[in-house]
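Data file: input_38.cif. Format and content: mmCIF, C-alpha atoms and all ligand atoms.
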```cif
data_entry
loop_
_atom_site.group_PDB
_atom_site.id
_atom_site.type_symbol
_atom_site.label_atom_id
_atom_site.label_comp_id
_atom_site.auth_asym_id
_atom_site.auth_seq_id
_atom_site.Cartn_x
_atom_site.Cartn_y
_atom_site.Cartn_z
ATOM 1 C CA LYS A 1 9.825 -18.488 14.857
ATOM 2 C CA SER A 2 9.601 -14.874 13.826
ATOM 3 C CA VAL A 3 12.735 -12.752 13.918
ATOM 4 C CA LEU A 4 10.661 -9.581 13.868
ATOM 5 C CA THR A 5 10.779 -7.222 16.838
ATOM 6 C CA SER A 6 7.121 -6.216 16.518
ATOM 7 C CA LYS A 7 4.569 -7.055 19.216
ATOM 8 C CA TRP A 8 1.978 -8.886 17.127
ATOM 9 C CA ALA A 9 2.181 -7.934 13.446
ATOM 10 C CA GLY A 10 4.213 -10.677 11.782
ATOM 11 C CA GLN A 11 4.786 -12.710 14.909
ATOM 12 C CA GLU A 12 2.983 -15.605 13.222
ATOM 13 C CA LEU A 13 5.069 -15.895 10.063
ATOM 14 C CA PHE A 14 4.614 -17.982 6.900
ATOM 15 C CA CYS A 15 7.648 -17.895 4.572
ATOM 16 C CA PHE A 16 7.863 -19.171 0.998
ATOM 17 C CA ASP A 17 10.529 -19.254 -1.701
ATOM 18 C CA THR A 18 8.043 -18.730 -4.506
ATOM 19 C CA ILE A 19 4.280 -18.480 -4.547
ATOM 20 C CA ASP A 20 1.724 -17.299 -7.032
ATOM 21 C CA SER A 21 0.420 -14.423 -4.937
ATOM 22 C CA THR A 22 0.910 -13.676 -1.245
ATOM 23 C CA ASN A 23 -2.665 -12.309 -1.077
ATOM 24 C CA THR A 24 -4.134 -15.555 -2.442
ATOM 25 C CA LYS A 25 -2.069 -17.595 0.027
ATOM 26 C CA ALA A 26 -3.011 -15.284 2.905
ATOM 27 C CA LYS A 27 -6.734 -15.608 2.139
ATOM 28 C CA GLN A 28 -6.387 -19.395 2.194
ATOM 29 C CA LEU A 29 -4.411 -19.354 5.468
ATOM 30 C CA ALA A 30 -6.891 -16.931 7.043
ATOM 31 C CA GLU A 31 -9.731 -19.319 6.234
ATOM 32 C CA GLU A 32 -7.722 -22.205 7.670
ATOM 33 C CA GLY A 33 -7.327 -20.401 10.988
ATOM 34 C CA ALA A 34 -4.269 -18.132 10.736
ATOM 35 C CA ASN A 35 -4.579 -15.454 13.399
ATOM 36 C CA HIS A 36 -4.915 -11.693 13.368
ATOM 37 C CA GLY A 37 -1.434 -10.343 12.640
ATOM 38 C CA ALA A 38 -0.167 -13.377 10.719
ATOM 39 C CA LEU A 39 2.201 -12.453 7.897
ATOM 40 C CA VAL A 40 2.867 -14.243 4.614
ATOM 41 C CA VAL A 41 6.242 -13.433 3.033
ATOM 42 C CA SER A 42 7.636 -14.799 -0.198
ATOM 43 C CA ASP A 43 11.076 -14.377 -1.686
ATOM 44 C CA ASN A 44 9.535 -14.458 -5.163
ATOM 45 C CA GLN A 45 6.066 -14.044 -6.553
ATOM 46 C CA SER A 46 4.959 -15.488 -9.877
ATOM 47 C CA GLY A 47 1.481 -13.980 -10.238
ATOM 48 C CA GLY A 48 1.447 -10.646 -8.379
ATOM 49 C CA LYS A 49 -1.675 -8.553 -8.796
ATOM 50 C CA GLY A 50 -2.534 -4.849 -8.684
ATOM 51 C CA ARG A 51 -5.926 -3.231 -8.489
ATOM 52 C CA ARG A 52 -8.596 -4.277 -10.981
ATOM 53 C CA GLY A 53 -6.706 -7.424 -11.903
ATOM 54 C CA ARG A 54 -3.636 -5.642 -13.250
ATOM 55 C CA SER A 55 -0.302 -7.327 -12.801
ATOM 56 C CA TRP A 56 2.489 -6.491 -10.354
ATOM 57 C CA GLU A 57 5.977 -7.132 -11.758
ATOM 58 C CA SER A 58 8.104 -9.166 -9.369
ATOM 59 C CA PRO A 59 11.754 -9.550 -10.474
ATOM 60 C CA VAL A 60 13.688 -12.399 -8.811
ATOM 61 C CA SER A 61 14.660 -12.167 -5.112
ATOM 62 C CA THR A 62 14.966 -8.406 -5.039
ATOM 63 C CA GLY A 63 11.591 -7.273 -3.762
ATOM 64 C CA ILE A 64 9.384 -7.605 -0.722
ATOM 65 C CA PHE A 65 6.207 -9.548 -1.379
ATOM 66 C CA MET A 66 4.150 -9.903 1.740
ATOM 67 C CA THR A 67 0.575 -9.949 2.982
ATOM 68 C CA LEU A 68 -0.655 -9.189 6.473
ATOM 69 C CA ILE A 69 -3.786 -10.944 7.745
ATOM 70 C CA LEU A 70 -6.113 -8.928 9.969
ATOM 71 C CA LYS A 71 -9.281 -9.974 11.759
ATOM 72 C CA PRO A 72 -10.443 -6.675 13.227
ATOM 73 C CA SER A 73 -13.737 -5.779 14.903
ATOM 74 C CA LEU A 74 -14.555 -3.175 12.354
ATOM 75 C CA ASN A 75 -17.487 -2.374 10.138
ATOM 76 C CA PRO A 76 -16.774 -3.734 6.616
ATOM 77 C CA SER A 77 -17.501 -0.287 5.191
ATOM 78 C CA ASP A 78 -14.556 1.135 7.177
ATOM 79 C CA ALA A 79 -12.049 -1.462 5.975
ATOM 80 C CA SER A 80 -10.838 0.420 2.897
ATOM 81 C CA MET A 81 -9.230 2.980 5.226
ATOM 82 C CA LEU A 82 -6.774 0.282 6.310
ATOM 83 C CA THR A 83 -5.057 0.651 2.919
ATOM 84 C CA LEU A 84 -4.290 4.258 3.830
ATOM 85 C CA VAL A 85 -3.173 3.264 7.322
ATOM 86 C CA MET A 86 -0.743 0.808 5.714
ATOM 87 C CA ALA A 87 0.404 3.478 3.244
ATOM 88 C CA ILE A 88 1.412 5.733 6.147
ATOM 89 C CA ALA A 89 3.267 2.817 7.761
ATOM 90 C CA VAL A 90 5.116 1.803 4.577
ATOM 91 C CA ALA A 91 6.080 5.392 3.764
ATOM 92 C CA LYS A 92 7.403 5.931 7.295
ATOM 93 C CA ALA A 93 9.293 2.621 7.216
ATOM 94 C CA CYS A 94 10.827 3.271 3.778
ATOM 95 C CA ASN A 95 11.819 6.763 4.888
ATOM 96 C CA LYS A 96 14.055 5.224 7.536
ATOM 97 C CA LEU A 97 16.080 3.515 4.779
ATOM 98 C CA THR A 98 15.911 5.827 1.751
ATOM 99 C CA LYS A 99 18.183 8.797 1.142
ATOM 100 C CA ASP A 100 15.402 10.863 -0.417
ATOM 101 C CA SER A 101 11.903 11.210 1.023
ATOM 102 C CA CYS A 102 9.118 8.816 0.110
ATOM 103 C CA PHE A 103 5.632 10.111 -0.620
ATOM 104 C CA ILE A 104 2.176 8.595 -0.866
ATOM 105 C CA LYS A 105 0.260 8.547 -4.116
ATOM 106 C CA TRP A 106 -3.376 8.382 -3.023
ATOM 107 C CA PRO A 107 -4.717 5.945 -2.137
ATOM 108 C CA ASN A 108 -2.367 2.979 -2.254
ATOM 109 C CA ASP A 109 1.066 3.616 -3.743
ATOM 110 C CA ILE A 110 4.386 4.838 -2.374
ATOM 111 C CA VAL A 111 6.611 6.875 -4.663
ATOM 112 C CA LEU A 112 10.253 7.856 -4.443
ATOM 113 C CA ASN A 113 11.564 10.597 -6.712
ATOM 114 C CA ARG A 114 8.192 10.563 -8.493
ATOM 115 C CA LYS A 115 8.356 6.860 -9.386
ATOM 116 C CA LYS A 116 6.473 3.973 -7.806
ATOM 117 C CA ILE A 117 8.358 1.821 -5.281
ATOM 118 C CA CYS A 118 5.403 0.164 -3.593
ATOM 119 C CA GLY A 119 1.837 -0.897 -4.219
ATOM 120 C CA ILE A 120 -0.686 -1.953 -1.573
ATOM 121 C CA LEU A 121 -3.667 -4.168 -2.344
ATOM 122 C CA THR A 122 -6.330 -4.784 0.307
ATOM 123 C CA GLU A 123 -8.916 -7.530 -0.050
ATOM 124 C CA MET A 124 -11.687 -8.446 2.363
ATOM 125 C CA SER A 125 -13.930 -11.369 3.132
ATOM 126 C CA ALA A 126 -17.028 -10.129 4.965
ATOM 127 C CA GLU A 127 -20.651 -10.867 5.675
ATOM 128 C CA MET A 128 -23.317 -8.166 6.144
ATOM 129 C CA ASP A 129 -21.738 -6.351 9.079
ATOM 130 C CA TYR A 130 -18.968 -8.751 10.034
ATOM 131 C CA ILE A 131 -15.402 -9.035 8.706
ATOM 132 C CA ASN A 132 -14.081 -12.593 8.414
ATOM 133 C CA HIS A 133 -10.652 -11.366 7.445
ATOM 134 C CA ILE A 134 -8.795 -8.637 5.626
ATOM 135 C CA VAL A 135 -5.553 -9.225 3.757
ATOM 136 C CA ILE A 136 -3.239 -6.330 2.992
ATOM 137 C CA GLY A 137 -0.717 -7.147 0.292
ATOM 138 C CA ILE A 138 2.427 -5.080 0.000
ATOM 139 C CA GLY A 139 4.914 -5.189 -2.867
ATOM 140 C CA ILE A 140 8.034 -3.094 -2.371
ATOM 141 C CA ASN A 141 10.751 -2.624 -4.988
ATOM 142 C CA VAL A 142 13.807 -2.943 -2.799
ATOM 143 C CA ASN A 143 16.934 -4.084 -4.628
ATOM 144 C CA MET A 144 16.065 -4.254 -8.341
ATOM 145 C CA ASP A 145 18.740 -2.829 -10.641
ATOM 146 C CA THR A 146 16.458 -2.033 -13.564
ATOM 147 C CA PHE A 147 12.903 -2.268 -14.840
ATOM 148 C CA GLN A 148 11.817 -3.347 -18.304
ATOM 149 C CA ASN A 149 9.658 -1.661 -20.924
ATOM 150 C CA GLU A 150 6.950 0.761 -19.784
ATOM 151 C CA LEU A 151 7.816 0.269 -16.110
ATOM 152 C CA LYS A 152 11.168 2.009 -16.775
ATOM 153 C CA GLU A 153 9.278 5.296 -16.816
ATOM 154 C CA LYS A 154 7.109 4.790 -13.755
ATOM 155 C CA ALA A 155 8.827 2.320 -11.408
ATOM 156 C CA THR A 156 12.012 2.472 -9.384
ATOM 157 C CA SER A 157 13.620 0.647 -6.468
ATOM 158 C CA ILE A 158 15.250 1.778 -3.250
ATOM 159 C CA LYS A 159 18.594 0.472 -4.561
ATOM 160 C CA ILE A 160 18.314 2.447 -7.797
ATOM 161 C CA GLU A 161 17.534 5.672 -5.921
ATOM 162 C CA ASN A 162 19.953 5.151 -3.001
ATOM 163 C CA GLY A 163 22.799 3.772 -5.094
ATOM 164 C CA TYR A 164 23.219 0.902 -2.617
ATOM 165 C CA PRO A 165 21.064 -2.053 -1.542
ATOM 166 C CA VAL A 166 19.152 -2.315 1.741
ATOM 167 C CA LYS A 167 18.293 -5.400 3.787
ATOM 168 C CA ARG A 168 14.797 -6.665 2.979
ATOM 169 C CA ALA A 169 14.342 -8.188 6.452
ATOM 170 C CA GLU A 170 15.098 -4.864 8.083
ATOM 171 C CA LEU A 171 12.502 -3.095 5.955
ATOM 172 C CA ILE A 172 9.876 -5.783 6.676
ATOM 173 C CA ASN A 173 10.544 -5.298 10.384
ATOM 174 C CA GLN A 174 10.172 -1.515 10.101
ATOM 175 C CA VAL A 175 6.890 -1.858 8.178
ATOM 176 C CA MET A 176 5.476 -4.131 10.901
ATOM 177 C CA LEU A 177 6.588 -1.770 13.695
ATOM 178 C CA CYS A 178 5.176 1.311 11.959
ATOM 179 C CA PHE A 179 1.941 -0.499 11.081
ATOM 180 C CA GLU A 180 1.328 -1.616 14.663
ATOM 181 C CA GLU A 181 1.581 1.971 15.806
ATOM 182 C CA GLU A 182 -0.715 3.368 13.090
ATOM 183 C CA TYR A 183 -3.209 0.498 13.349
ATOM 184 C CA GLU A 184 -3.670 1.026 17.074
ATOM 185 C CA ILE A 185 -4.423 4.713 16.522
ATOM 186 C CA PHE A 186 -6.866 3.903 13.708
ATOM 187 C CA MET A 187 -8.736 1.323 15.794
ATOM 188 C CA MET A 188 -9.383 3.912 18.505
ATOM 189 C CA HIS A 189 -11.298 6.124 16.073
ATOM 190 C CA HIS A 190 -12.421 3.937 13.139
ATOM 191 C CA THR A 191 -11.664 7.033 11.045
ATOM 192 C CA LEU A 192 -8.487 8.727 9.850
ATOM 193 C CA GLU A 193 -9.207 11.867 11.874
ATOM 194 C CA ALA A 194 -6.038 11.556 13.969
ATOM 195 C CA GLN A 195 -3.889 10.411 11.022
ATOM 196 C CA LYS A 196 -5.040 12.438 8.020
ATOM 197 C CA GLU A 197 -2.556 15.217 8.685
ATOM 198 C CA ARG A 198 0.297 12.738 8.742
ATOM 199 C CA TYR A 199 -1.002 11.182 5.515
ATOM 200 C CA ASN A 200 -1.449 14.556 3.827
ATOM 201 C CA ASN A 201 2.055 15.667 4.794
ATOM 202 C CA MET A 202 3.369 12.748 2.747
ATOM 203 C CA LEU A 203 0.883 13.124 -0.124
ATOM 204 C CA VAL A 204 2.849 13.553 -3.344
ATOM 205 C CA SER A 205 0.127 15.564 -5.063
ATOM 206 C CA LEU A 206 -0.832 17.855 -2.164
ATOM 207 C CA ASP A 207 -1.826 21.262 -3.574
ATOM 208 C CA LYS A 208 -0.905 20.103 -7.062
ATOM 209 C CA GLU A 209 -2.968 19.515 -10.154
ATOM 210 C CA VAL A 210 -4.325 15.996 -10.579
ATOM 211 C CA VAL A 211 -6.423 14.340 -13.246
ATOM 212 C CA ILE A 212 -9.171 12.187 -11.799
ATOM 213 C CA MET A 213 -10.071 9.391 -14.174
ATOM 214 C CA GLU A 214 -13.428 7.874 -13.360
ATOM 215 C CA PRO A 215 -14.745 5.051 -15.528
ATOM 216 C CA SER A 216 -17.056 7.397 -17.444
ATOM 217 C CA LYS A 217 -15.332 10.797 -17.336
ATOM 218 C CA GLU A 218 -12.199 12.594 -16.256
ATOM 219 C CA PHE A 219 -11.664 15.970 -14.648
ATOM 220 C CA ILE A 220 -8.836 18.175 -13.457
ATOM 221 C CA GLY A 221 -8.496 19.724 -10.028
ATOM 222 C CA ILE A 222 -6.116 20.545 -7.200
ATOM 223 C CA ALA A 223 -5.605 17.810 -4.579
ATOM 224 C CA ARG A 224 -6.267 19.249 -1.119
ATOM 225 C CA GLY A 225 -5.604 16.113 0.932
ATOM 226 C CA ILE A 226 -7.746 13.337 2.360
ATOM 227 C CA ASN A 227 -10.679 13.759 4.743
ATOM 228 C CA SER A 228 -11.216 11.565 7.796
ATOM 229 C CA LYS A 229 -12.917 8.889 5.640
ATOM 230 C CA GLY A 230 -9.858 8.616 3.405
ATOM 231 C CA GLU A 231 -11.509 10.266 0.409
ATOM 232 C CA LEU A 232 -9.345 12.601 -1.662
ATOM 233 C CA MET A 233 -10.619 16.176 -1.573
ATOM 234 C CA VAL A 234 -10.158 17.735 -4.998
ATOM 235 C CA GLU A 235 -10.867 21.398 -5.711
ATOM 236 C CA LYS A 236 -12.319 21.865 -9.167
ATOM 237 C CA GLU A 237 -11.631 24.911 -11.366
ATOM 238 C CA ASP A 238 -14.954 26.488 -10.327
ATOM 239 C CA GLY A 239 -13.911 26.227 -6.656
ATOM 240 C CA GLN A 240 -16.234 23.339 -5.887
ATOM 241 C CA MET A 241 -14.754 20.675 -3.586
ATOM 242 C CA MET A 242 -15.247 17.050 -4.614
ATOM 243 C CA ALA A 243 -14.666 14.043 -2.336
ATOM 244 C CA ILE A 244 -13.218 11.217 -4.431
ATOM 245 C CA TYR A 245 -13.746 7.651 -3.285
ATOM 246 C CA ALA A 246 -10.852 5.285 -4.062
ATOM 247 C CA GLY A 247 -12.906 2.432 -5.487
ATOM 248 C CA GLU A 248 -13.063 3.220 -9.159
ATOM 249 C CA VAL A 249 -10.707 6.060 -9.939
ATOM 250 C CA SER A 250 -7.093 6.534 -10.924
ATOM 251 C CA VAL A 251 -5.158 9.695 -10.249
ATOM 252 C CA ARG A 252 -2.767 10.883 -12.929
ATOM 253 C CA GLY A 253 -0.022 13.397 -12.419
ATOM 254 C CA ILE A 254 2.460 12.426 -9.723
HETATM 255 P P1 LIG A 301 -2.230 3.627 -11.269
HETATM 256 O O1 LIG A 301 -3.545 4.294 -11.059
HETATM 257 O O2 LIG A 301 -1.064 4.547 -11.275
HETATM 258 O O3 LIG A 301 -2.215 2.623 -12.376
HETATM 259 P P2 LIG A 301 -2.774 1.752 -9.198
HETATM 260 O O4 LIG A 301 -2.572 2.010 -7.766
HETATM 261 O O5 LIG A 301 -4.162 1.636 -9.661
HETATM 262 O O6 LIG A 301 -1.958 2.860 -9.962
HETATM 263 P P3 LIG A 301 -2.155 -0.981 -9.151
HETATM 264 O O7 LIG A 301 -3.275 -1.518 -9.966
HETATM 265 O O8 LIG A 301 -2.230 -1.059 -7.672
HETATM 266 O O9 LIG A 301 -1.918 0.495 -9.619
HETATM 267 O O10 LIG A 301 -0.795 -1.668 -9.591
HETATM 268 C C1 LIG A 301 -0.628 -2.190 -10.894
HETATM 269 C C2 LIG A 301 0.104 -1.217 -11.774
HETATM 270 O O11 LIG A 301 1.360 -0.866 -11.202
HETATM 271 C C3 LIG A 301 0.454 -1.836 -13.114
HETATM 272 O O12 LIG A 301 -0.515 -1.495 -14.066
HETATM 273 C C4 LIG A 301 1.812 -1.258 -13.481
HETATM 274 O O13 LIG A 301 1.662 -0.072 -14.221
HETATM 275 C C5 LIG A 301 2.413 -0.876 -12.160
HETATM 276 N N1 LIG A 301 3.409 -1.844 -11.682
HETATM 277 C C6 LIG A 301 3.433 -3.186 -11.850
HETATM 278 N N2 LIG A 301 4.479 -3.730 -11.239
HETATM 279 C C7 LIG A 301 5.164 -2.729 -10.652
HETATM 280 C C8 LIG A 301 6.347 -2.659 -9.866
HETATM 281 N N3 LIG A 301 7.066 -3.735 -9.535
HETATM 282 N N4 LIG A 301 6.727 -1.432 -9.439
HETATM 283 C C9 LIG A 301 6.051 -0.329 -9.745
HETATM 284 N N5 LIG A 301 4.919 -0.321 -10.482
HETATM 285 C C10 LIG A 301 4.478 -1.511 -10.932
#
```
Hey, can you dump this file as structure tokens for me?
Ligand code: ATP
Amino acid sequence: KSVLTSKWAGQELFCFDTIDSTNTKAKQLAEEGANHGALVVSDNQSGGKGRRGRSWESPVSTGIFMTLILKPSLNPSDASMLTLVMAIAVAKACNKLTKDSCFIKWPNDIVLNRKKICGILTEMSAEMDYINHIVIGIGINVNMDTFQNELKEKATSIKIENGYPVKRAELINQVMLCFEEEYEIFMMHHTLEAQKERYNNMLVSLDKEVVIMEPSKEFIGIARGINSKGELMVEKEDGQMMAIYAGEVSVRGI
């Protein structure tokens, strides 16, 4: 039985001590009949993934590794916006427990004092115009004391920044509560029209210089916030506004 105080997100709960990846498990459970709103949580994760097959470091019993299963009536082409909806929810939830403010690094990361505390990875199973299921994986660095090697520079945890630990269960509950609220707004519009201002207010690079790295080229511009489709509007040096789609690019310069 779920101990969460949410209405539906996480009320069907699958808990593990250790699994390879909560997204992989969630996809399997979704195919086997897990319902909309089911949540997979693991104390430890041995094969966490980031975008484009990169790895997500998961030190022992100090992080949140969870994946929410959704089965929305939504056009598959609108599903990528759910990553941004979750980013708003995670940032709001973390802000309830962190001393300093959390910000969003477009499209899918949460940063605290300019270092990454959370990554979000959305995966979808869909046919032509029908979504079978969407899984939204969330890794949050909660109570790690340190990070090794190159992550030292770019990752941090809530404990490191606060100077004291926070309860993982409480943060999971807050994420579910905040997500329910944001999800219901999103599903009324199927766009981020009503939420883009809230997203942009938490955007770490708003009105700052960013480097957009596309597979074939890179360019510099000023981030002006997302539009209602979730694309990042970047103003180039010649004043031209570019809409950047999340799929293939990385943004440098938190
Ligand atoms: P970027 O464009 O900054 O690489 P991204 O959103 O594309 O970000 P992801 O692919 O989602 O990044 O996440 C994987 C990357 O995150 C890894 O390449 C690594 O640099 C970093 N990373 C891995 N584990 C952690 C962690 N526990 N905390 C913070 N960052 C991590």
- Task: Select, from A:Ala243, A:Ile69, A:Val111, A:Val60, the residue with the minimum atom-to-atom distance to Ala91 of chain A, counting only C-alpha atoms.
- Result: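 Nearest to Ala91 of chain A: A:Val111.
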- Task: Could I get the residue neighbourhood of ligand LIG 301 (chain A) at 7 Å, counting all atoms listed in the file, as a PyMOL selection string?
- Result: chain A and resi 49-52+54-58+108-109+116-121+141+151+154-156+250-252
- Message: With the PyMOL selection byres (((chain A and resi 231) around 9) and not hetatm) as the selection, what would be picked from this file? Answer as a count of residues only, please.
- Response: 13
Padding 6 Å on each side, edges along x, y and z: where is the centre of the box around the listed atoms of segment 48-57 of chain A, and how long are its edges in Å to one decimal? Output it as JSON.
```
{"center_x": -1.3, "center_y": -6.9, "center_z": -10.8, "size_x": 26.6, "size_y": 19.4, "size_z": 16.9}
```
- Item | Spatial neighbours of segment 199-212 of chain A, 10 Å, all atoms listed in the file, chain gap at least 3 places, as a ChimeraX atom specification | /A:84-85,87-89,91-92,101-107,110-114,192,194-196,215,217-227,230,232-236,244,249-254
- Using atom CA of Leu70 of chain A and atom CA of Ala30 of chain A as the two end points, give the distance in Å to one decimal.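 Going from atom CA of Leu70 of chain A over to atom CA of Ala30 of chain A covers 8.6 Å.
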- Query: For the file shown, what are the residues hit by the PyMOL selection byres (((chain A and resi 124) around 8) and not hetatm), laid out as a ChimeraX atom specification?
  - Reply: /A:79,122-123,125-126,131-135
- Item | Top pick for closest residue to Asn35 of chain A, considering A:Leu13, A:Ile136, A:Ile160, A:Met144 and counting all atoms listed in the file |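 Going through A:Leu13, A:Ile136, A:Ile160, A:Met144 one by one, the smallest distance to Asn35 of chain A is for A:Leu13.
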- Task: Take atom CA of Thr62 of chain A and atom CA of Thr83 of chain A and report the distance between them in Å, one decimal.
- Result: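 So the two atoms, atom CA of Thr62 of chain A and atom CA of Thr83 of chain A, lie 23.4 Å apart.
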